[in-house]
>>> print(open('work.cif').read())   # mmCIF, C-alpha atoms
data_final
#
loop_
_atom_site.label_atom_id
_atom_site.label_comp_id
_atom_site.auth_asym_id
_atom_site.auth_seq_id
_atom_site.Cartn_x
_atom_site.Cartn_y
_atom_site.Cartn_z
CA MET A 131 -17.69 -19.58 -22.91
CA ALA A 132 -15.39 -17.00 -24.51
CA ASP A 133 -15.75 -15.86 -28.11
CA LEU A 134 -13.58 -17.62 -30.68
CA ALA A 135 -12.45 -14.41 -32.36
CA THR A 136 -12.04 -10.79 -31.36
CA ALA A 137 -14.03 -9.69 -34.41
CA PRO A 138 -16.37 -12.62 -35.14
CA GLU A 139 -18.51 -10.60 -37.51
CA THR A 140 -15.60 -10.65 -39.97
CA ASN A 141 -15.33 -14.45 -39.92
CA PRO A 142 -18.62 -16.19 -40.83
CA LEU A 143 -17.11 -19.67 -40.41
CA LEU A 144 -16.13 -19.02 -36.81
CA ASP A 145 -19.38 -17.20 -36.16
CA THR A 146 -21.32 -20.39 -36.92
CA MET A 147 -19.51 -22.02 -33.98
CA ARG A 148 -20.53 -19.38 -31.44
CA PRO A 149 -22.86 -20.86 -28.78
CA ARG A 150 -26.27 -19.20 -28.48
CA LEU A 151 -27.39 -18.19 -24.97
CA THR A 152 -30.97 -18.46 -23.66
CA GLY A 153 -30.48 -15.93 -20.84
CA SER A 154 -30.90 -18.52 -18.07
CA TRP A 155 -28.33 -20.51 -16.11
CA LEU A 156 -27.99 -24.23 -15.48
CA VAL A 157 -26.68 -25.11 -12.03
CA SER A 158 -25.56 -28.66 -11.32
CA LEU A 159 -25.58 -29.51 -7.61
CA GLU A 160 -23.23 -31.82 -5.78
CA ASP A 161 -24.50 -35.39 -5.40
CA GLU A 162 -24.89 -34.98 -1.64
CA ALA A 163 -26.39 -31.45 -1.81
CA SER A 164 -29.28 -30.62 0.49
CA VAL A 165 -32.39 -29.31 -1.26
CA GLY A 166 -33.05 -26.75 1.47
CA ARG A 167 -29.51 -25.34 1.51
CA SER A 168 -29.45 -25.32 -2.30
CA VAL A 169 -32.65 -23.29 -2.46
CA ASP A 170 -31.20 -20.80 0.02
CA ALA A 171 -28.06 -20.45 -2.09
CA LEU A 172 -29.99 -19.98 -5.33
CA ARG A 173 -32.28 -17.30 -3.89
CA GLN A 174 -29.34 -14.91 -3.61
CA TYR A 175 -28.98 -14.73 -7.39
CA THR A 176 -32.47 -15.19 -8.83
CA SER A 177 -35.11 -12.70 -9.90
CA ASN A 178 -37.90 -14.67 -8.19
CA ASP A 179 -38.44 -17.41 -5.65
CA VAL A 180 -37.16 -20.94 -6.19
CA SER A 181 -39.61 -23.80 -6.65
CA VAL A 182 -38.73 -27.48 -6.28
CA ALA A 183 -39.99 -30.02 -8.82
CA VAL A 184 -39.34 -33.45 -10.30
CA MET A 185 -38.42 -33.29 -14.00
CA SER A 186 -40.31 -36.46 -14.97
CA GLU A 187 -43.56 -35.04 -13.57
CA MET A 188 -43.49 -31.94 -15.79
CA ARG A 189 -44.95 -31.98 -19.30
CA THR A 190 -42.89 -29.00 -20.47
CA VAL A 191 -40.31 -26.84 -18.77
CA PRO A 192 -40.88 -23.05 -18.60
CA GLN A 193 -39.50 -21.45 -21.75
CA THR A 194 -38.83 -17.78 -21.06
CA PRO A 195 -36.26 -15.97 -18.92
CA GLY A 196 -39.22 -14.38 -17.10
CA GLY A 197 -40.37 -17.79 -15.87
CA ALA A 198 -39.76 -19.47 -12.55
CA THR A 199 -36.43 -20.60 -11.15
CA ILE A 200 -36.79 -24.35 -10.62
CA LEU A 201 -34.68 -26.88 -8.75
CA PHE A 202 -35.22 -30.36 -10.17
CA GLU A 203 -34.74 -32.58 -7.16
CA ASP A 204 -34.38 -35.84 -9.12
CA LEU A 205 -31.54 -34.51 -11.32
CA LYS A 206 -29.79 -32.28 -8.77
CA LEU A 207 -30.18 -29.55 -11.37
CA ALA A 208 -31.50 -25.99 -11.17
CA LEU A 209 -32.78 -23.83 -14.02
CA VAL A 210 -32.03 -20.33 -12.78
CA VAL A 211 -33.50 -17.06 -14.00
CA PRO A 212 -30.75 -14.62 -12.90
CA ARG A 213 -31.58 -11.35 -11.19
CA PRO A 214 -31.26 -8.43 -13.65
CA ARG A 215 -28.67 -5.67 -13.22
CA GLN A 216 -26.17 -7.92 -11.46
CA GLN A 217 -22.70 -8.59 -12.80
CA MET A 218 -23.45 -11.92 -14.46
CA ALA A 219 -19.93 -13.34 -14.67
CA ALA A 220 -19.19 -12.41 -11.06
CA ALA A 221 -22.56 -13.76 -9.91
CA MET A 222 -21.99 -17.11 -11.64
CA THR A 223 -18.53 -17.33 -10.09
CA ALA A 224 -19.94 -16.60 -6.65
CA LEU A 225 -22.75 -19.14 -7.07
CA ASN A 226 -20.25 -21.73 -8.26
CA ALA A 227 -18.32 -21.25 -5.00
CA GLU A 228 -21.34 -22.27 -2.89
CA ASP A 229 -20.83 -25.58 -1.06
CA GLU A 230 -23.89 -27.19 -2.65
CA VAL A 231 -22.93 -26.27 -6.25
CA ALA A 232 -20.82 -28.41 -8.59
CA GLU A 233 -21.14 -26.32 -11.76
CA THR A 234 -22.75 -23.06 -12.84
CA ARG A 235 -22.90 -22.06 -16.49
CA PRO A 236 -25.16 -20.34 -19.02
CA GLU A 237 -27.88 -22.36 -20.72
CA PHE A 238 -27.40 -22.69 -24.47
CA TYR A 239 -29.61 -23.43 -27.42
CA LEU A 240 -28.86 -26.78 -29.12
CA PHE A 241 -29.39 -27.46 -32.82
CA GLY A 242 -29.89 -30.45 -35.08
CA LEU A 243 -26.52 -31.52 -36.49
CA GLN A 244 -26.99 -32.13 -40.19
CA GLU A 245 -25.70 -31.10 -43.58
CA PHE A 246 -28.08 -31.16 -46.55
CA ARG A 247 -27.56 -32.74 -49.98
CA ASP A 248 -29.85 -32.77 -52.99
CA THR A 249 -28.25 -35.49 -55.12
CA GLN A 250 -29.98 -38.86 -55.49
CA THR A 251 -28.27 -42.14 -54.67
CA GLU A 252 -29.07 -45.43 -52.97
CA THR A 253 -28.50 -46.01 -49.31
CA TRP A 254 -25.32 -47.74 -48.30
CA GLY A 255 -25.49 -47.47 -44.50
CA ILE A 256 -27.44 -50.69 -43.98
CA GLY A 257 -24.81 -52.71 -45.81
CA ALA A 258 -21.94 -50.96 -44.04
CA THR A 259 -23.34 -51.83 -40.60
CA HIS A 260 -24.08 -55.45 -41.66
CA ALA A 261 -27.72 -54.97 -40.66
CA LEU A 262 -28.81 -56.85 -43.79
CA GLN A 263 -26.90 -59.94 -42.66
CA SER A 264 -28.14 -59.81 -39.07
CA ARG A 265 -30.89 -62.19 -37.97
CA PHE A 266 -32.04 -59.55 -35.48
CA THR A 267 -34.45 -56.69 -36.20
CA GLY A 268 -34.66 -54.84 -32.88
CA LYS A 269 -37.88 -56.58 -31.91
CA GLY A 270 -39.01 -55.67 -28.39
CA ILE A 271 -36.36 -52.95 -27.97
CA LYS A 272 -37.36 -49.36 -27.26
CA VAL A 273 -35.42 -46.71 -29.17
CA ALA A 274 -36.01 -43.06 -28.28
CA ILE A 275 -35.33 -40.44 -30.95
CA LEU A 276 -35.06 -36.99 -29.36
CA ASP A 277 -35.30 -34.54 -32.23
CA THR A 278 -37.76 -32.38 -34.23
CA GLY A 279 -40.63 -34.88 -33.98
CA ILE A 280 -41.98 -37.23 -36.63
CA ASP A 281 -44.47 -37.34 -39.49
CA LEU A 282 -46.90 -39.95 -38.20
CA ALA A 283 -48.78 -39.78 -41.54
CA HIS A 284 -45.71 -41.01 -43.44
CA PRO A 285 -46.61 -44.29 -45.20
CA ASP A 286 -43.65 -46.05 -43.57
CA PHE A 287 -44.87 -45.14 -40.06
CA ILE A 288 -48.65 -45.42 -40.41
CA GLY A 289 -50.02 -48.27 -38.31
CA ARG A 290 -46.96 -48.58 -36.08
CA LYS A 291 -47.29 -48.23 -32.33
CA ILE A 292 -45.15 -45.15 -31.77
CA VAL A 293 -45.04 -43.44 -28.37
CA THR A 294 -44.75 -39.66 -28.69
CA GLN A 295 -44.29 -36.67 -26.43
CA SER A 296 -43.62 -33.03 -27.33
CA PHE A 297 -41.45 -31.06 -24.93
CA VAL A 298 -41.74 -27.89 -27.01
CA ALA A 299 -44.35 -25.53 -25.58
CA GLY A 300 -47.18 -24.89 -28.03
CA GLU A 301 -45.97 -27.36 -30.67
CA THR A 302 -47.26 -30.82 -31.53
CA ILE A 303 -45.15 -33.85 -32.34
CA ASP A 304 -45.46 -33.04 -36.07
CA ASP A 305 -42.10 -32.71 -37.80
CA VAL A 306 -41.97 -29.69 -40.09
CA ARG A 307 -38.18 -29.74 -40.44
CA GLY A 308 -37.74 -33.35 -41.51
CA HIS A 309 -34.69 -33.94 -39.33
CA GLY A 310 -36.44 -36.12 -36.75
CA THR A 311 -38.34 -38.15 -39.34
CA HIS A 312 -35.07 -38.83 -41.18
CA CYS A 313 -33.32 -39.96 -37.99
CA ALA A 314 -36.25 -42.15 -36.93
CA GLY A 315 -36.25 -43.77 -40.35
CA THR A 316 -32.55 -44.57 -40.20
CA ALA A 317 -32.85 -46.14 -36.76
CA ALA A 318 -36.07 -48.08 -37.36
CA GLY A 319 -37.58 -47.55 -40.83
CA LYS A 320 -39.59 -50.33 -42.53
CA PRO A 321 -37.62 -53.30 -43.92
CA ARG A 322 -39.36 -53.14 -47.30
CA THR A 323 -40.94 -50.16 -49.04
CA ALA A 324 -42.22 -50.08 -52.62
CA GLY A 325 -39.88 -48.04 -54.78
CA ALA A 326 -37.29 -47.47 -52.04
CA PRO A 327 -34.36 -49.46 -50.63
CA ARG A 328 -34.30 -50.60 -47.05
CA TYR A 329 -32.96 -47.76 -44.94
CA GLY A 330 -33.92 -48.71 -41.35
CA VAL A 331 -31.30 -50.53 -39.30
CA ALA A 332 -33.70 -52.01 -36.70
CA PRO A 333 -37.12 -52.07 -38.43
CA ASP A 334 -38.94 -53.85 -35.60
CA ALA A 335 -37.72 -51.61 -32.79
CA ARG A 336 -40.38 -49.78 -30.77
CA LEU A 337 -40.01 -46.08 -31.50
CA HIS A 338 -40.40 -43.47 -28.77
CA ILE A 339 -40.32 -40.01 -30.31
CA GLY A 340 -39.60 -37.02 -28.09
CA LYS A 341 -39.88 -33.63 -29.78
CA VAL A 342 -37.18 -31.56 -28.10
CA LEU A 343 -36.17 -29.34 -31.04
CA ASN A 344 -38.76 -26.79 -32.13
CA ASN A 345 -40.11 -26.15 -35.62
CA ALA A 346 -37.15 -23.87 -36.31
CA GLY A 347 -34.74 -26.72 -35.49
CA PHE A 348 -33.34 -25.69 -32.10
CA ALA A 349 -34.21 -25.77 -28.41
CA ALA A 350 -33.12 -24.60 -25.00
CA GLU A 351 -31.20 -27.21 -23.06
CA ARG A 352 -34.04 -27.60 -20.57
CA ASP A 353 -36.14 -29.27 -23.28
CA ILE A 354 -33.33 -31.69 -24.14
CA ILE A 355 -32.89 -32.59 -20.49
CA ALA A 356 -36.63 -33.13 -20.06
CA GLY A 357 -36.67 -35.40 -23.12
CA VAL A 358 -33.81 -37.52 -21.80
CA ARG A 359 -35.49 -37.85 -18.41
CA TRP A 360 -38.71 -38.95 -20.15
CA ALA A 361 -36.90 -41.54 -22.30
CA ILE A 362 -35.21 -43.01 -19.23
CA ASP A 363 -38.54 -43.18 -17.41
CA GLN A 364 -40.04 -44.88 -20.49
CA LYS A 365 -37.32 -47.55 -20.04
CA CYS A 366 -35.92 -47.02 -23.52
CA GLU A 367 -32.85 -49.19 -23.97
CA ILE A 368 -31.36 -46.71 -26.46
CA ILE A 369 -31.68 -42.92 -26.60
CA SER A 370 -30.53 -41.22 -29.81
CA MET A 371 -29.76 -37.48 -29.90
CA SER A 372 -28.69 -35.97 -33.22
CA LEU A 373 -28.23 -32.52 -31.75
CA GLY A 374 -25.67 -30.44 -29.96
CA SER A 375 -23.76 -27.23 -29.45
CA PRO A 376 -20.09 -26.56 -30.35
CA VAL A 377 -17.38 -26.39 -27.71
CA ARG A 378 -13.93 -24.85 -27.74
CA GLN A 379 -10.65 -26.73 -27.74
CA GLY A 380 -9.78 -27.57 -24.14
CA GLU A 381 -13.28 -26.85 -22.82
CA PRO A 382 -14.48 -29.44 -20.27
CA TYR A 383 -17.70 -31.41 -20.62
CA SER A 384 -20.85 -30.39 -18.78
CA ARG A 385 -21.46 -32.00 -15.40
CA ILE A 386 -25.17 -31.89 -16.19
CA TYR A 387 -24.94 -34.22 -19.19
CA GLN A 388 -22.40 -36.41 -17.45
CA ARG A 389 -24.93 -36.95 -14.65
CA LEU A 390 -27.78 -37.59 -17.12
CA GLY A 391 -25.70 -40.14 -18.98
CA ARG A 392 -24.78 -41.85 -15.74
CA ILE A 393 -28.44 -41.97 -14.63
CA ALA A 394 -29.30 -43.51 -17.99
CA LEU A 395 -26.59 -46.18 -17.73
CA ASP A 396 -27.61 -46.98 -14.15
CA ASN A 397 -31.17 -47.54 -15.42
CA GLY A 398 -30.17 -49.77 -18.35
CA SER A 399 -30.33 -47.05 -21.02
CA LEU A 400 -27.59 -46.01 -23.43
CA ILE A 401 -27.45 -42.47 -24.80
CA CYS A 402 -25.90 -42.00 -28.24
CA ALA A 403 -25.23 -38.45 -29.43
CA ALA A 404 -23.90 -36.91 -32.64
CA ALA A 405 -20.31 -35.68 -32.39
CA GLY A 406 -20.94 -32.52 -34.45
CA ASN A 407 -20.21 -31.11 -37.90
CA ASP A 408 -17.87 -28.21 -37.17
CA SER A 409 -14.73 -29.59 -38.85
CA ASN A 410 -13.31 -28.78 -42.27
CA ARG A 411 -10.83 -31.56 -42.81
CA ALA A 412 -9.93 -30.43 -46.33
CA PHE A 413 -8.16 -27.50 -44.65
CA GLY A 414 -6.87 -29.52 -41.70
CA ALA A 415 -9.40 -28.06 -39.28
CA ILE A 416 -10.75 -30.59 -36.76
CA ALA A 417 -13.19 -29.28 -34.16
CA PRO A 418 -13.79 -30.88 -30.75
CA VAL A 419 -16.72 -33.21 -30.14
CA SER A 420 -19.84 -31.14 -29.43
CA SER A 421 -21.88 -31.06 -26.24
CA PRO A 422 -23.61 -33.19 -24.99
CA ALA A 423 -21.75 -35.94 -26.89
CA ASN A 424 -18.50 -34.95 -25.16
CA ALA A 425 -19.73 -36.16 -21.75
CA PRO A 426 -17.89 -39.43 -20.93
CA SER A 427 -21.16 -41.17 -20.00
CA ILE A 428 -22.65 -40.47 -23.46
CA LEU A 429 -21.54 -42.45 -26.51
CA ALA A 430 -20.23 -39.96 -29.10
CA VAL A 431 -20.81 -40.88 -32.75
CA GLY A 432 -18.72 -39.57 -35.63
CA ALA A 433 -19.43 -39.93 -39.35
CA VAL A 434 -17.68 -41.72 -42.21
CA ASP A 435 -18.34 -41.66 -45.95
CA ALA A 436 -18.88 -44.59 -48.33
CA LEU A 437 -15.11 -45.13 -48.55
CA TYR A 438 -14.98 -45.39 -44.73
CA GLN A 439 -13.02 -42.17 -44.52
CA PRO A 440 -13.83 -39.71 -41.72
CA ALA A 441 -16.43 -37.31 -43.12
CA SER A 442 -14.97 -33.89 -43.90
CA PHE A 443 -17.28 -32.22 -41.39
CA SER A 444 -17.09 -34.81 -38.59
CA ASN A 445 -15.63 -33.56 -35.30
CA GLY A 446 -12.77 -35.34 -33.59
CA GLY A 447 -11.71 -36.41 -30.11
CA ILE A 448 -9.18 -33.65 -29.52
CA ASN A 449 -10.25 -32.66 -26.00
CA PRO A 450 -8.91 -34.65 -23.03
CA ASP A 451 -11.02 -35.90 -20.12
CA GLY A 452 -14.10 -36.65 -22.16
CA GLY A 453 -14.74 -35.61 -25.72
CA GLU A 454 -13.52 -38.80 -27.37
CA ILE A 455 -15.22 -40.39 -30.38
CA ALA A 456 -16.59 -43.79 -29.30
CA LEU A 457 -17.77 -45.09 -32.68
CA VAL A 458 -18.40 -43.98 -36.24
CA ALA A 459 -21.22 -44.82 -38.63
CA PRO A 460 -22.40 -43.87 -42.13
CA GLY A 461 -23.11 -40.14 -42.29
CA VAL A 462 -22.65 -39.08 -45.92
CA GLY A 463 -25.31 -39.52 -48.61
CA ILE A 464 -27.82 -41.13 -46.24
CA PHE A 465 -31.22 -42.02 -47.73
CA SER A 466 -34.11 -42.07 -45.26
CA SER A 467 -37.67 -40.93 -44.63
CA SER A 468 -38.86 -37.35 -44.99
CA PRO A 469 -42.22 -35.74 -44.12
CA ASN A 470 -45.01 -35.62 -46.69
CA PRO A 471 -45.13 -34.86 -49.53
CA ARG A 472 -41.43 -35.52 -50.21
CA LEU A 473 -41.36 -38.90 -48.37
CA TYR A 474 -37.61 -39.52 -48.83
CA ARG A 475 -34.45 -37.47 -49.00
CA ILE A 476 -30.67 -37.77 -48.75
CA MET A 477 -28.83 -35.97 -45.98
CA ASP A 478 -25.29 -35.71 -44.58
CA GLY A 479 -24.14 -35.22 -41.01
CA THR A 480 -23.17 -36.85 -37.76
CA SER A 481 -26.94 -36.57 -37.17
CA MET A 482 -27.32 -39.31 -39.76
CA ALA A 483 -24.54 -41.43 -38.22
CA CYS A 484 -26.04 -41.36 -34.71
CA PRO A 485 -29.31 -43.22 -35.52
CA HIS A 486 -27.29 -45.86 -37.39
CA VAL A 487 -25.55 -46.59 -34.09
CA ALA A 488 -28.89 -46.48 -32.24
CA GLY A 489 -30.27 -49.08 -34.65
CA VAL A 490 -27.20 -51.30 -34.35
CA ALA A 491 -27.47 -51.00 -30.55
CA ALA A 492 -31.08 -52.20 -30.77
CA LEU A 493 -29.94 -55.29 -32.68
CA TRP A 494 -27.35 -56.07 -30.04
CA ALA A 495 -29.87 -55.45 -27.25
CA GLU A 496 -32.27 -57.92 -28.87
CA SER A 497 -29.51 -60.50 -29.27
CA ASP A 498 -28.81 -60.69 -25.54
CA ALA A 499 -31.09 -59.49 -22.75
CA THR A 500 -28.08 -58.81 -20.52
CA LEU A 501 -26.75 -56.17 -22.92
CA ARG A 502 -28.12 -53.03 -21.33
CA GLY A 503 -26.50 -49.75 -20.36
CA ARG A 504 -22.76 -50.17 -19.85
CA SER A 505 -22.65 -53.75 -21.15
CA LEU A 506 -24.39 -52.63 -24.35
CA TRP A 507 -21.80 -49.88 -24.77
CA GLN A 508 -19.06 -52.47 -24.33
CA ALA A 509 -20.63 -54.81 -26.89
CA LEU A 510 -20.84 -52.02 -29.47
CA THR A 511 -17.24 -50.91 -29.08
CA SER A 512 -15.70 -54.37 -28.73
CA HIS A 513 -17.42 -55.64 -31.90
CA ALA A 514 -16.84 -52.51 -33.99
CA ARG A 515 -15.06 -52.92 -37.30
CA ALA A 516 -11.57 -51.46 -36.93
CA LEU A 517 -10.69 -48.74 -39.44
CA PRO A 518 -7.18 -47.67 -40.49
CA HIS A 519 -7.53 -44.15 -39.15
CA ASN A 520 -6.56 -42.18 -36.06
CA VAL A 521 -8.57 -43.19 -32.99
CA ARG A 522 -9.18 -39.47 -32.56
CA ASP A 523 -11.39 -39.59 -35.68
CA VAL A 524 -13.04 -43.04 -35.56
CA GLY A 525 -12.82 -44.29 -31.96
CA ALA A 526 -13.23 -48.05 -31.74
CA GLY A 527 -14.32 -48.16 -35.39
CA LEU A 528 -17.46 -48.69 -37.45
CA ALA A 529 -20.60 -49.77 -35.59
CA THR A 530 -21.42 -53.34 -36.74
CA ALA A 531 -24.52 -55.46 -36.18
CA PRO A 532 -24.46 -58.89 -34.50
#
>>> encode(input="work.cif", output="structure tokens")
Amino acid sequence: MADLATAPETNPLLDTMRPRLTGSWLVSLEDEASVGRSVDALRQYTSNDVSVAVMSEMRTVPQTPGGATILFEDLKLALVVPRPRQQMAAAMTALNAEDEVAETRPEFYLFGLQEFRDTQTETWGIGATHALQSRFTGKGIKVAILDTGIDLAHPDFIGRKIVTQSFVAGETIDDVRGHGTHCAGTAAGKPRTAGAPRYGVAPDARLHIGKVLNNAGFAAERDIIAGVRWAIDQKCEIISMSLGSPVRQGEPYSRIYQRLGRIALDNGSLICAAAGNDSNRAFGAIAPVSSPANAPSILAVGAVDALYQPASFSNGGINPDGGEIALVAPGVGIFSSSPNPRLYRIMDGTSMACPHVAGVAALWAESDATLRGRSLWQALTSHARALPHNVRDVGAGLATAP
């Protein structure tokens, strides 16, 4: 991905949109690719031998560029450690020309997509999504939150049966950032808490928490991919990802996430992802939907404020062939859970909008056992509340509970 400016150090705003590289490559194979021929092709460009594995059987994926090159047979995906002292751009181009290869690109770090606020106000997202009026609570529905983990000692989560898995090497599920706990609370926080308003859309949903972002708030894409594979294998009906990496105008979506989203839909799971916070609408600047939300098989969620206006930071569907906003949800001034000792905080971001949609999806999934995968996506978009704004900014409209 090319730089956005010839002298990015002179433009801090643009510099924040520069993707961060891990030093490894992600290679998406063709659907009909042979494992043996793919390994032979990869060996020409790697610094070590190529091992073959199944993503769902690995607890964590190797973290350093000095680790092993791995071909994940179940995802038709290779994590490549490139050979040093080769011309990287030329090598990626040559690898991409191999018959077995669909896409070769650098691996990026992904970050939690949130803006912080310190003012105090009451939640309004539950009312906006009509969750208060719904007779459904998400009972029996599995919602995966792939984020920075969770504070299991939080009074609103103590005693609940929460399935957890950390995909970050050397780190427990504990949430030191607060981002994951906030998102989990919005999707499925308790219906009643002393001294606090209701803030969880689907309070009886069964939470599956995958820690894919580390204690500093970011992760290599391999950890995200591993978390998605785990959530699919756990048969989670909804997978919520409030994370991403910026893309340039006109840049295509990643074949890797398109395949993951398709695998999820084929297995009755729906992935929701935050659209990103790279816009500055006050100055007329609208950034494209971030990756992985820009993959057509992943439901991209934008943010609106309490007046149902597109949030100033919310990205828009300006890229063709993927990259459209599917739905919007409350993402400004969102009250939810926070790790001890704070317990609650208010945050802004498409990160906050995404778990609203995940919670609403859980209500729809409970309402009708046939609403899974693609049919759940259709129910969400067809029953969304239309908003008087450009489809580019709000998609089908505001996510609304049954």
>>> resolve_selection(input="work.cif", expression="the PyMOL selection byres ((chain A and resi 225) around 8)", output="PDB file with C-alpha atoms, in the coordinates of the input")
ATOM      1  CA  ALA A 171     -28.060 -20.450  -2.090  1.00  0.00           C
ATOM      2  CA  LEU A 172     -29.990 -19.980  -5.330  1.00  0.00           C
ATOM      3  CA  TYR A 175     -28.980 -14.730  -7.390  1.00  0.00           C
ATOM      4  CA  ALA A 221     -22.560 -13.760  -9.910  1.00  0.00           C
ATOM      5  CA  MET A 222     -21.990 -17.110 -11.640  1.00  0.00           C
ATOM      6  CA  THR A 223     -18.530 -17.330 -10.090  1.00  0.00           C
ATOM      7  CA  ALA A 224     -19.940 -16.600  -6.650  1.00  0.00           C
ATOM      8  CA  ASN A 226     -20.250 -21.730  -8.260  1.00  0.00           C
ATOM      9  CA  ALA A 227     -18.320 -21.250  -5.000  1.00  0.00           C
ATOM     10  CA  GLU A 228     -21.340 -22.270  -2.890  1.00  0.00           C
ATOM     11  CA  VAL A 231     -22.930 -26.270  -6.250  1.00  0.00           C
ATOM     12  CA  THR A 234     -22.750 -23.060 -12.840  1.00  0.00           C
TER      13      THR A 234
END
>>> atom_distance(input="work.cif", atom1="atom CA of A:Ala459", atom2="atom CA of A:Ile280")
22.2 Å
>>> resolve_selection(input="work.cif", expression="the PyMOL selection byres ((chain A and resi 405-410) around 8)", output="VMD selection string")
chain A and resid 147 243 to 245 373 to 376 403 to 404 411 to 417 419 to 421 423 to 424 430 to 432 442 to 446 455 479 to 481
>>> closest_residue(input="work.cif", among="A:Gln216, A:Ser158, A:Ser164, A:Ser372", to="A:Ala232", atoms="all atoms listed in the file")
A:Ser158
>>> atom_distance(input="work.cif", atom1="atom CA of A:Arg472", atom2="atom CA of A:Asp305")
12.7 Å
>>> atom_distance(input="work.cif", atom1="atom CA of A:Ala332", atom2="atom CA of A:Thr267")
4.8 Å
>>> resolve_selection(input="work.cif", expression="the PyMOL selection byres ((chain A and resi 490) around 8)", output="ChimeraX atom specification")
/A:259,261,331-332,486-489,491-494,529-531
>>> residues_around(input="work.cif", residues="stretch 348-350 of chain A", least_positions_apart="5", cutoff="7 Å", atoms="all atoms listed in the file", output="PDB file with C-alpha atoms, in the frame of the given file")
ATOM      1  CA  THR A 152     -30.970 -18.460 -23.660  1.00  0.00           C
ATOM      2  CA  PHE A 238     -27.400 -22.690 -24.470  1.00  0.00           C
ATOM      3  CA  TYR A 239     -29.610 -23.430 -27.420  1.00  0.00           C
ATOM      4  CA  LEU A 240     -28.860 -26.780 -29.120  1.00  0.00           C
ATOM      5  CA  PHE A 241     -29.390 -27.460 -32.820  1.00  0.00           C
ATOM      6  CA  GLY A 242     -29.890 -30.450 -35.080  1.00  0.00           C
ATOM      7  CA  VAL A 342     -37.180 -31.560 -28.100  1.00  0.00           C
ATOM      8  CA  LEU A 343     -36.170 -29.340 -31.040  1.00  0.00           C
TER       9      LEU A 343
END
>>> residues_around(input="work.cif", residues="A:Trp360", least_positions_apart="3", cutoff="6 Å", atoms="only C-alpha atoms", output="PyMOL selection string")
chain A and resi 186+357+363
>>> residues_near_point(input="work.cif", point="(-37.6, -13.0, -8.5)", cutoff="12 Å", atoms="all atoms listed in the file", output="list in words")
Leu172, Arg173, Gln174, Tyr175, Thr176, Ser177, Asn178, Asp179, Val180, Ser181, Pro195, Gly196, Gly197, Ala198, Thr199, Ile200, Val210, Val211, Pro212, Arg213 and Pro214 of chain A
>>> residues_near_point(input="work.cif", point="(-48.6, -42.0, -40.2)", cutoff="12 Å", atoms="only C-alpha atoms", output="list in words")
Ile280, Asp281, Leu282, Ala283, His284, Pro285, Asp286, Phe287, Ile288, Gly289, Arg290, Lys291, Ile292, Ile303, Asp304, Asp305, Thr311, Ser467, Ser468, Pro469, Asn470 and Leu473 of chain A
>>> closest_residue(input="work.cif", among="A:Asp498, A:Glu187, A:Glu351, A:Asp478", to="A:Leu209", atoms="only C-alpha atoms")
A:Glu351
>>> axis_aligned_box(input="work.cif", around="stretch 342-360 of chain A", padding_each_side="3 Å", output="AutoDock Vina command-line options")
--center_x -35.7 --center_y -31.4 --center_z -27.4 --size_x 14.9 --size_y 21.1 --size_z 23.9
>>> closest_residue(input="work.cif", among="A:Ile401, A:Ile369, A:Ala456, A:Ala208", to="A:Glu160", atoms="only C-alpha atoms")
A:Ala208
>>> closest_residue(input="work.cif", among="A:Asn345, A:Thr190, A:Ser264, A:Gln388", to="A:Pro333", atoms="all atoms listed in the file")
A:Ser264
>>> closest_residue(input="work.cif", among="A:Cys484, A:Cys366, A:Leu201, A:Asp334", to="A:Arg265", atoms="only C-alpha atoms")
A:Asp334
>>> closest_residue(input="work.cif", among="A:Arg322, A:His519, A:His513, A:Arg352", to="A:Val191", atoms="only C-alpha atoms")
A:Arg352
>>> residues_around(input="work.cif", residues="A:Arg504", least_positions_apart="6", cutoff="9 Å", atoms="all atoms listed in the file", output="VMD selection string")
chain A and resid 395 to 396 398 to 400
>>> residues_around(input="work.cif", residues="A:Pro450", least_positions_apart="5", cutoff="9 Å", atoms="only C-alpha atoms", output="ChimeraX atom specification")
/A:380-382
>>> build_atoms(input="work.cif", residues="stretch 296-302 of chain A", atoms="N, CA and C atoms", output="mmCIF file, keeping the file's coordinate frame")
data_model
loop_
_atom_site.group_PDB
_atom_site.id
_atom_site.type_symbol
_atom_site.label_atom_id
_atom_site.label_comp_id
_atom_site.auth_asym_id
_atom_site.auth_seq_id
_atom_site.Cartn_x
_atom_site.Cartn_y
_atom_site.Cartn_z
ATOM 1 N N SER A 296 -44.263 -34.290 -26.972
ATOM 2 C CA SER A 296 -43.620 -33.030 -27.330
ATOM 3 C C SER A 296 -43.221 -32.288 -26.069
ATOM 4 N N PHE A 297 -41.961 -31.858 -26.039
ATOM 5 C CA PHE A 297 -41.450 -31.060 -24.930
ATOM 6 C C PHE A 297 -41.297 -29.597 -25.323
ATOM 7 N N VAL A 298 -41.806 -29.262 -26.508
ATOM 8 C CA VAL A 298 -41.740 -27.890 -27.010
ATOM 9 C C VAL A 298 -43.089 -27.224 -26.751
ATOM 10 N N ALA A 299 -43.099 -26.198 -25.952
ATOM 11 C CA ALA A 299 -44.350 -25.530 -25.580
ATOM 12 C C ALA A 299 -45.079 -25.022 -26.821
ATOM 13 N N GLY A 300 -46.354 -25.383 -26.941
ATOM 14 C CA GLY A 300 -47.180 -24.890 -28.030
ATOM 15 C C GLY A 300 -47.005 -25.594 -29.357
ATOM 16 N N GLU A 301 -46.188 -26.648 -29.412
ATOM 17 C CA GLU A 301 -45.970 -27.360 -30.670
ATOM 18 C C GLU A 301 -46.311 -28.841 -30.506
ATOM 19 N N THR A 302 -46.918 -29.404 -31.538
ATOM 20 C CA THR A 302 -47.260 -30.820 -31.530
ATOM 21 C C THR A 302 -46.049 -31.647 -31.923
#
